[in-house]
Structure formats: C-alpha cells, structure tokens
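Note: the block below is run-v6.txt and it holds compact mmCIF, C-alpha atoms and all ligand atoms.
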```
# COMPACT_ATOMS: atom_id res chain seq x y z
CA MET A 1 39.08 -38.40 -60.07
CA GLU A 2 40.00 -34.82 -61.18
CA LYS A 3 36.98 -32.52 -61.03
CA THR A 4 38.00 -30.72 -64.20
CA GLN A 5 38.45 -33.89 -66.23
CA VAL A 6 35.95 -34.10 -69.09
CA GLU A 7 34.75 -37.60 -69.97
CA LYS A 8 33.89 -38.53 -73.54
CA LEU A 9 30.85 -40.50 -72.40
CA ILE A 10 28.98 -40.94 -69.13
CA ILE A 11 26.23 -43.54 -68.95
CA ILE A 12 23.67 -43.17 -66.16
CA GLY A 13 22.15 -46.55 -65.26
CA SER A 14 23.42 -50.11 -65.16
CA GLY A 15 20.56 -52.30 -66.38
CA PRO A 16 20.71 -54.09 -69.78
CA ALA A 17 20.55 -50.77 -71.69
CA GLY A 18 23.37 -49.07 -69.78
CA LEU A 19 25.66 -52.09 -69.71
CA THR A 20 25.18 -52.90 -73.41
CA ALA A 21 25.87 -49.25 -74.27
CA ALA A 22 29.07 -49.52 -72.21
CA ILE A 23 30.24 -52.69 -73.99
CA TYR A 24 29.82 -51.11 -77.41
CA ALA A 25 31.19 -47.70 -76.39
CA ALA A 26 34.24 -49.21 -74.69
CA ARG A 27 34.99 -51.33 -77.73
CA GLY A 28 34.63 -48.15 -79.82
CA GLY A 29 37.35 -46.48 -77.72
CA LEU A 30 35.12 -44.07 -75.75
CA ASN A 31 36.32 -45.24 -72.33
CA PRO A 32 32.84 -44.86 -70.77
CA LEU A 33 32.12 -44.10 -67.13
CA ILE A 34 28.94 -45.68 -65.74
CA ILE A 35 27.11 -44.08 -62.85
CA ALA A 36 25.48 -47.30 -61.77
CA GLY A 37 23.05 -46.04 -59.10
CA ARG A 38 22.56 -47.45 -55.64
CA GLU A 39 20.24 -50.13 -57.04
CA ALA A 40 22.82 -51.24 -59.61
CA GLY A 41 21.67 -53.74 -62.22
CA GLY A 42 18.11 -52.47 -62.57
CA GLN A 43 14.85 -54.38 -62.51
CA LEU A 44 16.34 -57.72 -63.56
CA THR A 45 18.11 -57.92 -60.20
CA LEU A 46 14.62 -58.08 -58.65
CA THR A 47 13.34 -60.94 -60.83
CA THR A 48 13.88 -64.69 -60.86
CA ASP A 49 13.53 -66.80 -64.01
CA VAL A 50 14.23 -65.01 -67.26
CA ASP A 51 13.06 -67.38 -69.98
CA ASP A 52 12.95 -65.03 -72.93
CA TYR A 53 16.47 -63.58 -73.11
CA PRO A 54 18.13 -65.29 -76.09
CA GLY A 55 21.18 -67.43 -75.56
CA PHE A 56 20.08 -69.18 -72.36
CA GLU A 57 18.17 -72.23 -73.54
CA GLU A 58 17.23 -73.32 -70.02
CA GLY A 59 16.48 -69.75 -68.86
CA ILE A 60 18.63 -67.77 -66.44
CA GLN A 61 18.07 -66.00 -63.12
CA GLY A 62 17.76 -62.19 -63.49
CA PRO A 63 20.58 -61.34 -61.03
CA GLU A 64 22.89 -63.86 -62.71
CA LEU A 65 22.20 -62.37 -66.15
CA MET A 66 23.05 -58.91 -64.84
CA ALA A 67 26.21 -60.18 -63.13
CA LYS A 68 27.32 -61.70 -66.44
CA MET A 69 26.64 -58.46 -68.31
CA LYS A 70 28.58 -56.48 -65.72
CA LYS A 71 31.56 -58.83 -65.96
CA GLN A 72 31.48 -58.44 -69.73
CA THR A 73 31.65 -54.63 -69.44
CA GLU A 74 34.58 -54.97 -67.01
CA ARG A 75 36.47 -56.99 -69.60
CA PHE A 76 36.54 -53.79 -71.66
CA ASP A 77 37.67 -51.60 -68.76
CA THR A 78 34.45 -49.72 -68.12
CA ARG A 79 34.64 -47.67 -64.93
CA PHE A 80 31.78 -47.66 -62.39
CA ILE A 81 30.57 -45.26 -59.72
CA ASN A 82 27.96 -46.83 -57.44
CA GLU A 83 26.05 -43.69 -56.59
CA ASP A 84 22.80 -42.04 -57.62
CA VAL A 85 22.75 -38.96 -59.81
CA ILE A 86 21.23 -36.02 -57.94
CA SER A 87 20.99 -33.52 -60.80
CA VAL A 88 22.26 -32.74 -64.30
CA ASP A 89 22.94 -29.48 -66.09
CA LEU A 90 22.37 -30.05 -69.80
CA SER A 91 22.14 -26.34 -70.66
CA LYS A 92 25.86 -25.99 -71.40
CA LYS A 93 28.70 -28.14 -72.73
CA PRO A 94 30.36 -30.14 -71.37
CA PHE A 95 27.30 -31.45 -69.51
CA GLU A 96 27.59 -31.48 -65.74
CA ILE A 97 26.43 -34.48 -63.74
CA THR A 98 26.20 -34.18 -59.98
CA THR A 99 26.23 -37.36 -57.92
CA GLU A 100 25.95 -37.76 -54.17
CA THR A 101 29.67 -36.96 -53.73
CA CYS A 102 31.04 -35.31 -56.87
CA SER A 103 30.52 -33.26 -60.02
CA LEU A 104 31.47 -34.85 -63.32
CA PHE A 105 31.72 -33.40 -66.82
CA THR A 106 31.09 -35.16 -70.10
CA GLU A 107 30.88 -34.46 -73.83
CA ALA A 108 28.08 -37.01 -74.36
CA LEU A 109 25.54 -38.64 -72.08
CA ILE A 110 23.43 -41.79 -72.27
CA ILE A 111 20.45 -41.94 -69.93
CA ALA A 112 19.54 -45.54 -69.10
CA THR A 113 17.95 -45.15 -65.69
CA GLY A 114 15.05 -47.52 -66.36
CA ALA A 115 11.82 -47.57 -64.43
CA SER A 116 10.65 -48.42 -60.90
CA ALA A 117 7.55 -50.11 -59.51
CA MET A 118 4.41 -47.99 -59.07
CA TRP A 119 2.19 -47.93 -56.00
CA LEU A 120 -1.59 -47.62 -55.78
CA GLY A 121 -1.41 -44.48 -53.65
CA LEU A 122 -3.74 -45.68 -50.85
CA PRO A 123 -3.03 -44.29 -47.34
CA SER A 124 -3.37 -47.83 -45.92
CA GLU A 125 -0.81 -49.09 -48.47
CA GLU A 126 1.64 -46.40 -47.35
CA LYS A 127 1.01 -47.15 -43.67
CA LEU A 128 1.71 -50.87 -44.05
CA LYS A 129 4.68 -50.75 -46.49
CA GLY A 130 7.29 -53.14 -45.14
CA LYS A 131 4.69 -54.57 -42.73
CA GLY A 132 3.05 -56.88 -45.25
CA VAL A 133 2.77 -54.53 -48.24
CA SER A 134 5.53 -54.93 -50.83
CA ALA A 135 6.23 -54.25 -54.51
CA CYS A 136 8.88 -56.97 -54.90
CA ALA A 137 8.09 -60.65 -54.46
CA VAL A 138 11.70 -61.67 -54.96
CA CYS A 139 12.90 -59.28 -52.24
CA ASP A 140 10.19 -59.97 -49.66
CA GLY A 141 8.54 -63.28 -50.60
CA PHE A 142 10.66 -65.19 -48.11
CA PHE A 143 8.86 -63.46 -45.20
CA PHE A 144 5.58 -65.04 -46.36
CA LYS A 145 6.71 -68.65 -46.43
CA GLY A 146 3.65 -70.91 -45.83
CA LYS A 147 1.35 -67.86 -45.64
CA VAL A 148 -1.55 -66.48 -47.66
CA VAL A 149 -0.82 -63.54 -49.99
CA ALA A 150 -2.45 -61.50 -52.74
CA ILE A 151 -1.02 -59.74 -55.79
CA VAL A 152 -2.63 -56.70 -57.37
CA GLY A 153 -2.21 -56.39 -61.16
CA GLY A 154 -2.89 -58.30 -64.34
CA GLY A 155 0.32 -57.84 -66.33
CA ASP A 156 3.45 -59.94 -66.82
CA THR A 157 5.01 -58.74 -63.58
CA ALA A 158 1.95 -59.70 -61.51
CA LEU A 159 1.78 -63.20 -62.96
CA ARG A 160 5.52 -63.80 -62.74
CA GLU A 161 5.41 -62.77 -59.10
CA ALA A 162 2.36 -65.00 -58.51
CA ASN A 163 4.27 -67.94 -59.96
CA TYR A 164 7.29 -67.18 -57.79
CA LEU A 165 5.22 -66.80 -54.62
CA SER A 166 3.22 -69.98 -55.31
CA LYS A 167 6.42 -71.93 -54.63
CA LEU A 168 6.79 -70.31 -51.18
CA CYS A 169 3.29 -69.50 -49.99
CA LYS A 170 0.27 -71.59 -49.05
CA GLN A 171 -2.14 -69.62 -51.21
CA VAL A 172 -1.74 -66.80 -53.76
CA THR A 173 -4.63 -64.70 -55.07
CA VAL A 174 -4.19 -62.45 -58.10
CA ILE A 175 -6.55 -59.45 -58.00
CA HIS A 176 -7.14 -57.66 -61.29
CA ARG A 177 -9.36 -54.67 -61.99
CA ARG A 178 -10.72 -55.84 -65.37
CA ASP A 179 -12.29 -59.06 -66.69
CA GLN A 180 -9.21 -59.92 -68.78
CA LEU A 181 -5.56 -60.23 -67.87
CA ARG A 182 -3.01 -58.12 -69.74
CA ALA A 183 -0.17 -60.63 -69.33
CA GLN A 184 1.18 -62.79 -72.16
CA LEU A 185 -0.72 -66.06 -72.74
CA ALA A 186 2.18 -68.31 -71.73
CA LEU A 187 2.12 -66.76 -68.24
CA GLN A 188 -1.67 -66.96 -68.04
CA GLU A 189 -1.47 -70.69 -68.82
CA LEU A 190 1.33 -71.15 -66.30
CA ILE A 191 -0.62 -69.67 -63.39
CA LYS A 192 -3.79 -71.57 -64.36
CA SER A 193 -1.79 -74.77 -63.93
CA LYS A 194 -0.85 -73.91 -60.32
CA PRO A 195 -3.31 -75.36 -57.79
CA ASN A 196 -2.53 -72.75 -55.12
CA ILE A 197 -3.05 -69.67 -57.34
CA ASP A 198 -6.53 -68.25 -57.80
CA LEU A 199 -7.77 -65.20 -59.62
CA ILE A 200 -10.26 -62.50 -58.62
CA LEU A 201 -11.26 -60.42 -61.65
CA ASN A 202 -13.16 -57.11 -61.86
CA SER A 203 -11.89 -56.09 -58.46
CA ALA A 204 -10.00 -53.10 -57.10
CA LEU A 205 -8.12 -52.91 -53.84
CA GLU A 206 -9.86 -50.25 -51.72
CA GLU A 207 -7.98 -50.62 -48.46
CA VAL A 208 -5.27 -52.73 -46.89
CA LEU A 209 -6.53 -53.86 -43.49
CA GLY A 210 -4.42 -54.15 -40.36
CA GLU A 211 -2.76 -51.92 -37.79
CA ASP A 212 0.87 -53.07 -37.36
CA LYS A 213 0.73 -55.81 -39.99
CA VAL A 214 -1.50 -56.77 -42.88
CA THR A 215 -4.50 -58.87 -41.89
CA GLY A 216 -6.68 -58.58 -44.97
CA LEU A 217 -7.91 -56.57 -47.94
CA LYS A 218 -11.08 -54.64 -48.67
CA LEU A 219 -12.03 -55.15 -52.32
CA LYS A 220 -14.59 -53.44 -54.51
CA ASN A 221 -16.16 -55.17 -57.48
CA THR A 222 -15.56 -52.76 -60.39
CA GLN A 223 -18.78 -53.87 -62.14
CA THR A 224 -21.29 -54.13 -59.29
CA GLY A 225 -19.69 -51.92 -56.63
CA GLU A 226 -20.02 -54.78 -54.13
CA ILE A 227 -17.52 -54.67 -51.24
CA SER A 228 -15.85 -57.84 -49.97
CA LYS A 229 -13.03 -58.78 -47.62
CA LEU A 230 -10.15 -61.18 -48.22
CA GLN A 231 -8.00 -62.49 -45.42
CA VAL A 232 -4.29 -62.33 -46.31
CA ASP A 233 -0.95 -62.02 -44.51
CA GLY A 234 0.61 -59.90 -47.23
CA VAL A 235 -0.08 -58.06 -50.46
CA PHE A 236 2.22 -57.43 -53.42
CA VAL A 237 1.52 -54.48 -55.69
CA ALA A 238 2.48 -55.20 -59.32
CA ILE A 239 0.70 -52.54 -61.35
CA GLY A 240 3.46 -51.39 -63.67
CA HIS A 241 6.39 -49.05 -63.59
CA LYS A 242 7.24 -45.37 -63.86
CA PRO A 243 10.39 -44.04 -65.52
CA ASN A 244 13.22 -42.81 -63.29
CA THR A 245 13.47 -39.29 -64.65
CA ASP A 246 12.81 -36.97 -61.70
CA PHE A 247 16.39 -35.66 -61.89
CA LEU A 248 15.86 -34.68 -65.56
CA LYS A 249 12.84 -32.42 -65.12
CA GLY A 250 13.35 -29.09 -66.91
CA GLN A 251 16.55 -30.33 -68.57
CA LEU A 252 15.19 -32.16 -71.60
CA GLU A 253 11.81 -33.10 -73.08
CA LEU A 254 9.79 -35.64 -71.10
CA ASP A 255 6.27 -36.84 -71.98
CA LYS A 256 3.38 -36.40 -69.56
CA LYS A 257 4.13 -39.72 -67.87
CA GLY A 258 7.78 -38.73 -67.42
CA TYR A 259 9.34 -40.89 -70.20
CA VAL A 260 12.23 -39.32 -72.11
CA VAL A 261 11.00 -38.20 -75.54
CA LEU A 262 13.16 -39.52 -78.38
CA THR A 263 13.45 -37.37 -81.47
CA ASN A 264 15.18 -39.96 -83.65
CA GLU A 265 16.23 -43.47 -82.54
CA THR A 266 18.11 -42.78 -79.28
CA HIS A 267 18.47 -38.98 -79.71
CA THR A 268 16.73 -36.77 -77.15
CA SER A 269 15.70 -33.11 -77.38
CA VAL A 270 19.25 -32.10 -76.30
CA ALA A 271 22.06 -32.73 -78.82
CA GLY A 272 24.67 -35.01 -77.27
CA VAL A 273 22.21 -36.58 -74.82
CA PHE A 274 20.86 -40.03 -75.72
CA ALA A 275 18.43 -42.38 -73.96
CA ALA A 276 17.96 -46.15 -74.05
CA GLY A 277 15.81 -48.79 -72.39
CA ASP A 278 12.71 -48.49 -70.20
CA VAL A 279 13.37 -44.82 -69.42
CA ALA A 280 12.28 -43.98 -72.98
CA ASP A 281 10.22 -47.04 -73.91
CA THR A 282 6.47 -46.95 -73.36
CA ARG A 283 5.86 -50.01 -75.50
CA TYR A 284 8.23 -52.99 -75.39
CA ARG A 285 10.10 -52.73 -72.06
CA GLN A 286 11.95 -56.03 -72.39
CA ALA A 287 15.51 -56.77 -71.32
CA VAL A 288 16.44 -57.64 -74.88
CA THR A 289 14.94 -54.47 -76.40
CA ALA A 290 16.69 -52.40 -73.72
CA ALA A 291 20.00 -54.07 -74.60
CA GLY A 292 19.35 -53.38 -78.30
CA ALA A 293 18.63 -49.73 -77.56
CA GLY A 294 21.83 -49.49 -75.51
CA CYS A 295 23.80 -50.72 -78.51
CA LYS A 296 22.13 -48.14 -80.77
CA ALA A 297 22.82 -45.35 -78.25
CA ALA A 298 26.54 -46.19 -78.22
CA PHE A 299 26.66 -45.97 -82.03
CA ASP A 300 24.72 -42.70 -81.96
CA VAL A 301 27.20 -41.26 -79.43
CA GLU A 302 30.16 -42.28 -81.61
CA GLU A 303 28.59 -40.56 -84.60
CA TYR A 304 27.79 -37.44 -82.53
CA LEU A 305 31.32 -37.14 -81.12
CA GLU A 306 32.80 -37.70 -84.56
CA SER A 307 30.64 -35.00 -86.14
CA SER A 308 31.24 -32.46 -83.36
CA LYS A 309 35.04 -32.65 -83.66
P1 LIG B 401 1.94 -53.55 -67.23
O1 LIG B 401 2.10 -54.48 -68.38
O2 LIG B 401 1.76 -52.10 -67.47
O3 LIG B 401 0.72 -54.10 -66.36
C1 LIG B 401 0.26 -53.41 -65.25
C2 LIG B 401 -0.98 -54.11 -64.72
O4 LIG B 401 -1.41 -53.43 -63.54
C3 LIG B 401 -2.14 -54.09 -65.72
O5 LIG B 401 -2.84 -55.30 -65.66
C4 LIG B 401 -3.00 -52.93 -65.21
O6 LIG B 401 -4.37 -53.11 -65.41
C5 LIG B 401 -2.76 -52.97 -63.72
N1 LIG B 401 -2.88 -51.66 -63.11
C6 LIG B 401 -2.28 -50.49 -63.49
N2 LIG B 401 -2.63 -49.49 -62.66
C7 LIG B 401 -3.48 -50.03 -61.77
C8 LIG B 401 -4.19 -49.50 -60.66
N3 LIG B 401 -4.08 -48.20 -60.31
N4 LIG B 401 -5.00 -50.32 -59.95
C9 LIG B 401 -5.10 -51.64 -60.30
N5 LIG B 401 -4.45 -52.21 -61.33
C10 LIG B 401 -3.64 -51.41 -62.06
O7 LIG B 401 3.18 -53.62 -66.22
P2 LIG B 401 4.15 -54.86 -65.86
O8 LIG B 401 3.37 -56.10 -65.64
O9 LIG B 401 5.01 -54.35 -64.75
O10 LIG B 401 5.01 -55.03 -67.13
C11 LIG B 401 5.78 -53.92 -67.62
C12 LIG B 401 6.51 -54.34 -68.88
O11 LIG B 401 7.53 -55.26 -68.53
C13 LIG B 401 5.60 -55.01 -69.89
O12 LIG B 401 5.98 -54.60 -71.17
C14 LIG B 401 5.89 -56.47 -69.71
O13 LIG B 401 5.71 -57.21 -70.88
C15 LIG B 401 7.36 -56.44 -69.27
N6 LIG B 401 7.65 -57.62 -68.45
C16 LIG B 401 7.96 -58.76 -69.08
C17 LIG B 401 8.22 -59.91 -68.37
C18 LIG B 401 8.56 -61.15 -69.08
O14 LIG B 401 8.57 -62.20 -68.48
N7 LIG B 401 8.83 -61.09 -70.37
C19 LIG B 401 8.11 -59.91 -66.98
C20 LIG B 401 7.77 -58.74 -66.35
C21 LIG B 401 7.53 -57.59 -67.10
P3 LIG B 401 -5.01 -53.04 -66.90
O15 LIG B 401 -4.66 -54.35 -67.54
O16 LIG B 401 -6.46 -52.87 -66.60
O17 LIG B 401 -4.39 -51.85 -67.55
```
The structure given in the file should be rewritten as structure tokens.
Amino acid sequence: MEKTQVEKLIIIGSGPAGLTAAIYAARGGLNPLIIAGREAGGQLTLTTDVDDYPGFEEGIQGPELMAKMKKQTERFDTRFINEDVISVDLSKKPFEITTETCSLFTEALIIATGASAMWLGLPSEEKLKGKGVSACAVCDGFFFKGKVVAIVGGGDTALREANYLSKLCKQVTVIHRRDQLRAQLALQELIKSKPNIDLILNSALEEVLGEDKVTGLKLKNTQTGEISKLQVDGVFVAIGHKPNTDFLKGQLELDKKGYVVLTNETHTSVAGVFAAGDVADTRYRQAVTAAGAGCKAAFDVEEYLESSK
C-alpha cells in the first residue's frame, strides 16, 4: 500500500460495531479499510452460546457469528489489516494512524476497538496468571476438565462462564462481593438449575493460593470480615471490562474510566472521528447495540465527508 495514499475511511476494530460499520460504509461507496487488531473479531470470539442476537432462533456460537459478519463485509470488498494500532495523530487532517508496520492516512475514522476483561489487581492473581488464573473460560476451560473451579463476579459474563464451565468441570463456585447478583434473571435461573454450580455471596477474593499452580482461594466475607479458604484448581475472573483506548489518550476526549465521550450519536470531540460499540458504551454493551452503533457511525461518516467536500 502507498504510504501517501489517503483513505476515505479507516475503521479500527473488527467486532460487531466495526464490521457493521464496514458493511454500511462499503455499500455507501467509501471503500473502507479495517485495522482488525491481533485479536480480530472482539469479545464474541471468546464466548460460546449467543442466544440474544436476533435472527438465530436456536442461538449461535460467538465465533461463528463473527465469522459470518466478516464474510458479509468481504462480500462488499472491505480490506483488512490484521495488526494493532500503536498510535494515532488526530491533530491534523488527514488523520494519521500508525500500526505495527505502517503509517496510514484517512479523511474519516471510526473507532470500534471494544473493551477487554478487567483483573482484580492482586499480586497473587498476577503471579498465577496462566497457571490456574484466567479471564476467559472459553479459552482456558478445557485445561480444567473434571476439576474444581471458581468464578469471581456477579454479572452476565460470570454466569455465562459458570454455565460453560459446569459442562466441563466437576464443580463450579461463583463468588460475588454483594448479596445480589447483577446478571439478568434468565441467567440466574439457568445457573440455579445446574447441580454442580454453587454460589458464595458477600465474599471478596483476597488472595489466590498456590506457588506454581492454583491450589485454593482466600476469601473475606464483605459483611462480617470473616476469612475462609476454598480449595480449587483454577479461578476465572469475570468482573467486567475496560475500554481499549490507551492509544487514544491525549488525542480526543475520554471519560475518567477511559470510554470515548460522544458529543452527538457517534460523533466524538474531534470532527471526522466517530466511535461505536463498547469503546463508547457504558450502558448497554450488547452485540446488537454495538452493531446498531456501527451502522449509525457509517451514516455519520458519509454525512461528514459529504459536508466537508
Ligand atoms: P458487569 O455487568 O459490569 O459485571 C461485573 C461484575 O463483577 C459485577 O457483578 C460486579 O459486582 C463485579 N465486580 C466488579 N469489580 C469487582 C471487583 N473489583 N471485585 C469483585 N467483583 C467485582 O460486567 P460483565 O458481566 O462483563 O458484562 C458487561 C456487559 O456485557 C453487560 O452489559 C452485560 O449485560 C453484557 N453481557 C451480556 C451477555 C449476554 O448474554 N447478553 C453476556 C456477557 C456480557 P457488582 O455487581 O457488585 O457491581
């Protein structure tokens, strides 16, 4: 690719928001270039059953849904670069996007980099990452076949992962810091129906025990302060996500948690730069809302390019 070539539209990210933006933009004649990232496909590639994306009456596997979306973008000749973006310069036009191997220039930009799993920040968690501590049941669950595991968190992700692991593991314990789960009721009912899933409420993980591999957990009751130990072979952390915006710091407005601030629909604080999906969504964070936002971003780009002619 010529270094001096200026694209009409670059989309950073290839989850539901980025791919939907590409479908609409390509059909609108913008010939988009997607910088897909090394973890192309986003969070849905790390999930199993997706039961709430419309159009799949029996549900669909996350990776399969993303593969279908990618194929659909390819039908409209979207181009892909499978690299991470290192930095962007949004202070002048065209915008400059630097990836691991090249610099690219574009008149308009859609940021759809999504969010990644958060960690508790315990030294013992860090020490035992990959040795029994994981943030992705679908990636690592297989290593715990027939074993005893725990999951920290009380949201949709935690319960979905508990359900997934209950099919592989002997016993699954969900540990949540409050007395009520945050997850949707359907998921709460689902895990209640599983005989090998139990729930420990009002408890925080204080320390992951073990030297070279996880042997147990030290828990603290958040109401009484009482300390207890739980024997497990592995622990999955499922406490939410943080937006992937480190490369944007100082370039456009981010809120204090790092989410891209939207000024109007998908518009950001920099004219010509738009954002869609979990990277700018502190509230809904669903595949279908991300796809919807991607569609809106493509329309907003078209309007912007039209008006800046
Ligand atoms: P979430 O809804 O933010 O839930 C995070 C959970 O982790 C909460 O229960 C929270 O406790 C707990 N937590 C946060 N920080 C913690 C800490 N430091 N120590 C202990 N516990 C901590 O995140 P999520 O479950 O990843 O879901 C993110 C979004 O994706 C949500 O909008 C969700 O609906 C969506 N999602 C949907 C599906 C689906 O099937 N439709 C599946 C997965 C995710 P508190 O409850 O006390 O705050």
Practice task
Taking only C-alpha atoms and all ligand atoms into account, report as a ChimeraX atom specification which residues have an atom no farther than 10 Å from an atom of ligand LIG 401 (chain B).
Solution key: /A:43-44,47-53,115-122,151-161,175-184,186-187,202-206,237-242,278,281-288
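Of note, atom CA of Arg75 of chain A and atom CA of His267 of chain A are spaced 27.4 Å apart.
Atom CA of Val88 of chain A is found 11.9 Å from atom CA of Glu100 of chain A.
Proximity to Thr222 of chain A was assessed for A:Phe247, A:Phe76, A:Cys295, A:Ile200 counting only C-alpha atoms; the smallest distance is recorded for A:Ile200.
Taking all atoms listed in the file, the non-local environment of segment 101-110 of chain A within 6 Å (same-chain residues fewer than 5 positions away omitted) comprises Val6, Glu7, Lys8, Leu9, Ile10, Ile11, Pro94, Phe95, Glu96, Gly272, Val273, Phe274 and Ala275 of chain A.
Across the structure, atom CA of Phe144 of chain A and atom CA of Asn221 of chain A are spaced 26.3 Å apart.
Between Phe143 of chain A and the candidates A:Cys169, A:Met66, A:Ala290, A:Ala162, the tightest atom-to-atom separation, counting all atoms listed in the file, involves A:Cys169.
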Exercise for the section: Could you give me, as a list in words, the residues within 10 Å of Leu46 of chain A, counting only C-alpha atoms and dropping anything in the same chain fewer than 2 positions from it? Expected result: Glu39, Gly41, Gly42, Gln43, Leu44, Thr48, Gln61, Gly62, Pro63, Cys136, Ala137, Val138 and Cys139 of chain A
Can you find the residues with an atom no farther than 7 Å from (26.1, -53.1, -71.5), counting all atoms listed in the file, and report them as a PDB file with C-alpha atoms, keeping the file's coordinate frame?
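File produced: point_11.pdb:
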```
ATOM      1  CA  PRO A  16      20.710 -54.090 -69.780  1.00  0.00           C
ATOM      2  CA  ALA A  17      20.550 -50.770 -71.690  1.00  0.00           C
ATOM      3  CA  GLY A  18      23.370 -49.070 -69.780  1.00  0.00           C
ATOM      4  CA  LEU A  19      25.660 -52.090 -69.710  1.00  0.00           C
ATOM      5  CA  THR A  20      25.180 -52.900 -73.410  1.00  0.00           C
ATOM      6  CA  ALA A  21      25.870 -49.250 -74.270  1.00  0.00           C
ATOM      7  CA  ALA A  22      29.070 -49.520 -72.210  1.00  0.00           C
ATOM      8  CA  ILE A  23      30.240 -52.690 -73.990  1.00  0.00           C
ATOM      9  CA  MET A  69      26.640 -58.460 -68.310  1.00  0.00           C
ATOM     10  CA  THR A  73      31.650 -54.630 -69.440  1.00  0.00           C
ATOM     11  CA  ALA A 291      20.000 -54.070 -74.600  1.00  0.00           C
ATOM     12  CA  GLY A 294      21.830 -49.490 -75.510  1.00  0.00           C
TER      13      GLY A 294
END
```
Problem - Nearest-residue call for Leu305 of chain A, choices A:Leu30, A:Leu190, A:Leu252, A:Ile97, using all atoms listed in the file - result: A:Leu30
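Of the residues under consideration (A:Glu265, A:Asp84, A:Glu211, A:Glu74), A:Glu74 shows the shortest atom-to-atom contact distance to Pro32 of chain A when counting all atoms listed in the file.
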Exercise for the section: With a distance cut-off of 12 Å and all atoms listed in the file, select the neighbouring residues of Val261 of chain A, excluding the residue or stretch itself and same-chain residues fewer than 2 positions from it, and output the selection as a VMD selection string. Expected result: chain A and resid 111 243 245 248 251 to 259 263 to 270 273 to 276 278 to 282
Take the residues just selected and output them with C-alpha atoms as a JSON list (two decimals), in the frame of the given file.
```json
[["chain", "number", "residue", "atom", "x", "y", "z"],
["A", 111, "ILE", "CA", 20.45, -41.94, -69.93],
["A", 243, "PRO", "CA", 10.39, -44.04, -65.52],
["A", 245, "THR", "CA", 13.47, -39.29, -64.65],
["A", 248, "LEU", "CA", 15.86, -34.68, -65.56],
["A", 251, "GLN", "CA", 16.55, -30.33, -68.57],
["A", 252, "LEU", "CA", 15.19, -32.16, -71.60],
["A", 253, "GLU", "CA", 11.81, -33.10, -73.08],
["A", 254, "LEU", "CA", 9.79, -35.64, -71.10],
["A", 255, "ASP", "CA", 6.27, -36.84, -71.98],
["A", 256, "LYS", "CA", 3.38, -36.40, -69.56],
["A", 257, "LYS", "CA", 4.13, -39.72, -67.87],
["A", 258, "GLY", "CA", 7.78, -38.73, -67.42],
["A", 259, "TYR", "CA", 9.34, -40.89, -70.20],
["A", 263, "THR", "CA", 13.45, -37.37, -81.47],
["A", 264, "ASN", "CA", 15.18, -39.96, -83.65],
["A", 265, "GLU", "CA", 16.23, -43.47, -82.54],
["A", 266, "THR", "CA", 18.11, -42.78, -79.28],
["A", 267, "HIS", "CA", 18.47, -38.98, -79.71],
["A", 268, "THR", "CA", 16.73, -36.77, -77.15],
["A", 269, "SER", "CA", 15.70, -33.11, -77.38],
["A", 270, "VAL", "CA", 19.25, -32.10, -76.30],
["A", 273, "VAL", "CA", 22.21, -36.58, -74.82],
["A", 274, "PHE", "CA", 20.86, -40.03, -75.72],
["A", 275, "ALA", "CA", 18.43, -42.38, -73.96],
["A", 276, "ALA", "CA", 17.96, -46.15, -74.05],
["A", 278, "ASP", "CA", 12.71, -48.49, -70.20],
["A", 279, "VAL", "CA", 13.37, -44.82, -69.42],
["A", 280, "ALA", "CA", 12.28, -43.98, -72.98],
["A", 281, "ASP", "CA", 10.22, -47.04, -73.91],
["A", 282, "THR", "CA", 6.47, -46.95, -73.36]]
```
For segment 43-47 of chain A, I'd like the enclosing box, axis-aligned and padded by 4 Å on every side, reported as lines of an AutoDock Vina configuration file with centre and edge lengths in Å to one decimal.
```
center_x = 15.7
center_y = -57.7
center_z = -61.1
size_x = 12.8
size_y = 14.6
size_z = 12.9
```
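Among A:Val172, A:Gly114, A:Ile81, A:Lys213, the residue with the shortest atom-to-atom distance to Arg38 of chain A, counting only C-alpha atoms, is A:Ile81.
Here the question is which of A:Tyr164, A:Gly13, A:Asp89, A:Gly37 gets nearest to Gly250 of chain A using all atoms listed in the file, and that residue is A:Asp89.
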